[in-house]
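These notes concern the structure reproduced below.
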Amino acid sequence: MNNSRFFIFSALLHSEGKPFLTENARQWLKKLCIALLGTGIALQVYANPTPPAPKATETPKTTEAPKTAEAPKAADGKFDMSKVPPVTAASRPGLFLLPPTGPGYYSLLDLVTGNKREKPPVAPYAPFALLTTPAFDIDFRYLSTPGHEKNIFDPVKRIRLGDDWLLSFGGSFWYRYEKETDSRLNAAGTDNSFHLFRTRFHADLWYRDNVRLFAEFLDARIQGSDLPPLVTDQNHTDMINLFADVKLASVNNGPVYIRFGRQELMYGSQRLISTLDWVNTRRTFQGVKTFWRTAEWDLDAFWVRPMITEVNKFDNWDTQQNFFGLWATNKPKPGHIIDLYFLSLLNDRSVSAANLLAGNILQGNADTHTLGGRLAGNFDNLLYELEGMYQFGQRSNQDVSAFAVATGVGYRLPLPMNPQGWIRYDFASGDSNSKDGRSNTFNQLFPFGHYYMGFIDRVGRQNIHDFNAQFTLHPMPWFTFISQYHRFYLANSRDYLYNAGGVATMRDITGQSGSHVGDEMDFRANFHLDRHQDVLIGYSKLFSGEFLQKQRPGINADLFYVQYNFRF
């Protein structure tokens, strides 16, 4: 460990004896950074002309978040569109952060222009490059509040078409460079580097709060990969959302809607259902959902099928999988949530004879039912979370009995730079004997595994113990630093090691390779350039334990990436 700093920096700067960035590339990167910052300044100046200096007796005014009770009143006989659309706020994930507050510079643009704010600005997007929240739940209703901060893209938001119609446009672009050493733990020790590009664009049309039409286009591409691309790396010219909402009723001052069509799903901690924003294609479904929203309760019932990505064709749903469930979220008081849910995945995909013989039976021929609950929140600076999940059903003619637990406690220190830490334990059961008529391996369903089980993505929430910790800092409000440590053990040494996608990768059926998979360290730094732009830089290293040393001798995986994200 004495050479750890040298190792990390040499990994970033060199690859197989080649410079990580040539001199021309360095100069180009500098010019790009300057250009991006200049663009942000120009947009800000254009959208917000410098106001007259306040008089000595005046106090500069700051923009405040819109309050539901103070929404602007519509003229007599006209519908009040200020509350449209009724947005579903994203639930707190595990390892959540308490954001910085108080006076400061909340973007790099603020720092460069000397715009020191008294409190965080009202903004639709979270100040981070990765954003799992679906585009249809991004909240631009603050634009109906007089005195809001102006932006150059305001004219394409909340366009009034008469008294009863509302139209909005939006989108995003990202670019990410990744370099993987011993990529995917392949036995040959092959490295992999590549470039990811993703473009999204959406249109959102409302008639009052009664009917909604939402369409979102996606184009995801990969270039320069040394290994065959993953199914999540590319999808050329497709739709990730294409649905209609119809208001059915209003119950206890809360609207009830039904949604038909292609739609992203995201619930609770996202351990079981997530949009999976890390991958280039995101994750989406097709089907029907009903939902009810009030100040205290969110209640959803859905039946959907996952989409099958077809790179050069319009995607189709998977007719061999049916996913349905009931999800309730209670908000007893600000800062605290209670999730209760029942989920069923009916998977009629066939399992090959070879996989049956090898005990690799999680990918098909199964009816898996999940019953779970979650508590999460904070008491001032004390953070907490507890989630339990139990599964039952049938899998390749075996009775399913499996469970998973995620628990943690955190604390924010009342010190400069907003330091926060979590200590956590995650468990998902495994199976000791694939031929005893019982299957005890937990199925992680459709998770944001990348966020929880290490950014290298070699470990999933199946047959695993994960003792982990997180420490975060905000050296400036616009600069977020996140570090994580994971110590992985197989829950059962005779079962498989499963990756972040839930795919079985390697196993020692005798259990003689031991259970210690390895230790992973993850470092991320996010730079919030302005309300539209973020840059994310990360490095992850997996130190092989006894299991990996015996299954993949000489393999020690690491990952370096740089991502630029633009949203409007």
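Chain identifiers are assigned as A, B, and so on, following the order in which chains appear in the structure tokens; residues are numbered from 1 within each chain, and ligands are numbered from 1 in order of appearance.
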Shell of 10 Å around stretch 181-187 of chain A, only C-alpha atoms, local chain residues under 6 positions omitted, as number ranges by chain: A: 11, 15, 193, 226-227, 456-458, 499, 505-506, 541, 548, 551-560
Dump N, CA and C atoms for the selected residues as a CSV table (one decimal), in the first residue's frame?
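And here is the file that came out, out-v5.csv:
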chain,number,residue,atom,x,y,z
A,11,ALA,N,-1.4,4.4,-13.4
A,11,ALA,CA,-2.5,3.7,-14.1
A,11,ALA,C,-3.3,4.7,-14.9
A,15,SER,N,-0.7,3.3,-20.3
A,15,SER,CA,-1.4,2.1,-20.6
A,15,SER,C,-0.5,1.3,-21.6
A,193,SER,N,-10.5,-0.4,-23.8
A,193,SER,CA,-10.7,1.0,-23.7
A,193,SER,C,-11.7,1.4,-24.8
A,226,ASP,N,-12.0,-2.5,-27.6
A,226,ASP,CA,-11.1,-3.6,-27.9
A,226,ASP,C,-11.8,-5.0,-27.7
A,227,LEU,N,-12.8,-5.1,-27.0
A,227,LEU,CA,-13.6,-6.3,-26.8
A,227,LEU,C,-15.0,-6.1,-27.4
A,456,ILE,N,-16.7,-1.3,-10.7
A,456,ILE,CA,-16.2,-2.2,-11.7
A,456,ILE,C,-17.2,-3.2,-12.2
A,457,ASP,N,-18.3,-3.3,-11.5
A,457,ASP,CA,-19.5,-4.1,-12.0
A,457,ASP,C,-19.2,-5.6,-12.0
A,458,ARG,N,-18.3,-6.1,-11.2
A,458,ARG,CA,-18.0,-7.5,-11.2
A,458,ARG,C,-18.8,-8.3,-10.1
A,499,ASN,N,-22.3,-11.1,-11.6
A,499,ASN,CA,-21.8,-9.7,-11.8
A,499,ASN,C,-23.0,-8.8,-11.6
A,505,THR,N,-20.7,-15.8,-13.4
A,505,THR,CA,-19.5,-15.7,-14.1
A,505,THR,C,-18.5,-16.8,-13.8
A,506,MET,N,-18.4,-17.2,-12.5
A,506,MET,CA,-17.4,-18.3,-12.2
A,506,MET,C,-17.9,-18.9,-10.9
A,541,LYS,N,-10.5,0.2,-8.3
A,541,LYS,CA,-9.5,-0.9,-8.2
A,541,LYS,C,-10.1,-2.1,-7.4
A,548,LEU,N,-10.9,-15.2,-6.3
A,548,LEU,CA,-10.5,-14.7,-7.6
A,548,LEU,C,-9.0,-15.1,-7.9
A,551,GLN,N,-9.5,-18.6,-9.2
A,551,GLN,CA,-10.3,-18.7,-10.4
A,551,GLN,C,-9.7,-17.9,-11.6
A,552,ARG,N,-9.1,-16.8,-11.3
A,552,ARG,CA,-8.5,-16.0,-12.3
A,552,ARG,C,-7.1,-15.6,-11.9
A,553,PRO,N,-6.1,-16.5,-11.9
A,553,PRO,CA,-4.8,-16.2,-11.4
A,553,PRO,C,-4.2,-15.0,-12.2
A,554,GLY,N,-3.6,-14.1,-11.5
A,554,GLY,CA,-2.9,-13.0,-12.1
A,554,GLY,C,-3.8,-11.8,-12.5
A,555,ILE,N,-5.1,-11.9,-12.3
A,555,ILE,CA,-6.0,-10.9,-12.8
A,555,ILE,C,-6.3,-9.9,-11.7
A,556,ASN,N,-6.1,-8.7,-11.9
A,556,ASN,CA,-6.4,-7.6,-11.0
A,556,ASN,C,-7.0,-6.4,-11.7
A,557,ALA,N,-8.3,-6.3,-11.7
A,557,ALA,CA,-9.1,-5.4,-12.5
A,557,ALA,C,-9.0,-4.0,-11.9
A,558,ASP,N,-9.0,-3.0,-12.8
A,558,ASP,CA,-9.2,-1.6,-12.4
A,558,ASP,C,-9.9,-0.9,-13.6
A,559,LEU,N,-10.4,0.3,-13.2
A,559,LEU,CA,-11.3,1.1,-14.2
A,559,LEU,C,-11.0,2.5,-14.0
A,560,PHE,N,-10.8,3.2,-15.1
A,560,PHE,CA,-10.6,4.7,-15.1
A,560,PHE,C,-11.6,5.2,-16.1
Stretch 242-255 of chain A environment, 12 Å, only C-alpha atoms, sequence neighbours closer than 3 positions dropped, as JSON, numbers by chain: {"A": [83, 84, 85, 86, 87, 88, 135, 136, 201, 202, 203, 204, 205, 206, 207, 208, 209, 210, 211, 212, 213, 214, 215, 216, 217, 218, 238, 239, 258, 259, 260, 261, 262, 263, 264, 284, 285, 286, 287, 288, 289, 290, 291, 292, 293, 294, 295, 296, 297, 298, 299]}
Keeping only C-alpha atoms, write the selected residues as a compact mmCIF listing (two decimals), in the first residue's frame.
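Result file follows (out-v1.txt):
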# COMPACT_ATOMS: atom_id res chain seq x y z
CA LYS A 83 -49.12 22.81 -10.97
CA VAL A 84 -48.82 20.78 -14.20
CA PRO A 85 -47.29 18.24 -14.47
CA PRO A 86 -47.73 16.50 -11.09
CA VAL A 87 -44.11 15.35 -10.69
CA THR A 88 -43.04 12.28 -8.69
CA ALA A 135 -36.91 12.91 -17.88
CA PHE A 136 -40.68 12.93 -17.36
CA PHE A 201 -34.39 14.30 -26.73
CA HIS A 202 -37.97 14.47 -25.47
CA ALA A 203 -41.28 16.24 -26.07
CA ASP A 204 -43.97 16.52 -23.40
CA LEU A 205 -47.57 17.61 -24.11
CA TRP A 206 -50.31 18.16 -21.50
CA TYR A 207 -54.01 18.98 -21.77
CA ARG A 208 -54.71 20.58 -18.39
CA ASP A 209 -53.82 17.87 -15.89
CA ASN A 210 -56.07 15.34 -17.62
CA VAL A 211 -54.04 13.90 -20.49
CA ARG A 212 -50.32 13.65 -21.16
CA LEU A 213 -48.33 12.48 -24.19
CA PHE A 214 -44.60 11.94 -23.63
CA ALA A 215 -42.00 10.76 -26.14
CA GLU A 216 -38.24 10.42 -25.60
CA PHE A 217 -35.71 9.50 -28.26
CA LEU A 218 -32.35 7.86 -27.52
CA ASP A 238 -34.84 4.25 -30.59
CA MET A 239 -37.41 5.34 -28.01
CA ILE A 258 -53.16 5.35 -15.75
CA ARG A 259 -50.13 5.18 -18.06
CA PHE A 260 -49.98 3.12 -21.27
CA GLY A 261 -46.88 2.45 -23.34
CA ARG A 262 -43.10 2.37 -23.12
CA GLN A 263 -41.87 3.78 -19.83
CA GLU A 264 -38.94 3.81 -17.44
CA THR A 284 -36.99 0.66 -20.00
CA PHE A 285 -40.19 -1.40 -20.05
CA GLN A 286 -43.50 -1.51 -21.89
CA GLY A 287 -46.92 -2.02 -20.39
CA VAL A 288 -49.42 -0.28 -18.14
CA LYS A 289 -49.17 1.44 -14.76
CA THR A 290 -51.67 3.13 -12.47
CA PHE A 291 -50.46 5.57 -9.83
CA TRP A 292 -51.90 7.75 -7.06
CA ARG A 293 -50.04 10.69 -5.56
CA THR A 294 -50.70 12.61 -2.33
CA ALA A 295 -48.53 14.53 0.11
CA GLU A 296 -48.34 11.47 2.40
CA TRP A 297 -48.62 8.50 0.04
CA ASP A 298 -47.46 7.30 -3.38
CA LEU A 299 -49.15 4.10 -4.59
Computed interatomic separation between atom CA of A:Thr237 and atom CA of A:Leu166 (Å):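 The value is 26.2 Å.
One distance worth recording is that between atom CA of A:Ser107 and atom CA of A:Pro477, which is 7.2 Å.
Distances from A:Pro228, A:Gly268, A:Pro134, A:Gly171 to A:Gly94 were compared using only C-alpha atoms, and the smallest one belongs to A:Gly268.
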Å distance separating atom CA of A:Gln563 from atom CA of A:Asn151, one decimal place: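 Pair atom CA of A:Gln563 / atom CA of A:Asn151 returns 23.9 Å.
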7 Å contact set for A:Phe194, only C-alpha atoms, chain neighbours under 3 positions out, as a list of chain:residue names: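 Surrounding residues, per the criterion: A:Tyr177, A:Glu178, A:Lys179, A:Ile222, A:Gln223, A:Gly224, A:Ser225.
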How would the residues just chosen look if you wrote them out with C-alpha atoms as a compact mmCIF listing (two decimals), in the first residue's frame?
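As written to disk, again00.txt reads:
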# COMPACT_ATOMS: atom_id res chain seq x y z
CA TYR A 177 -14.12 7.49 -22.03
CA GLU A 178 -13.40 4.24 -20.16
CA LYS A 179 -10.24 2.21 -19.74
CA ILE A 222 -19.72 3.03 -28.81
CA GLN A 223 -16.41 3.50 -30.62
CA GLY A 224 -12.96 1.99 -30.33
CA SER A 225 -13.78 -0.97 -28.09
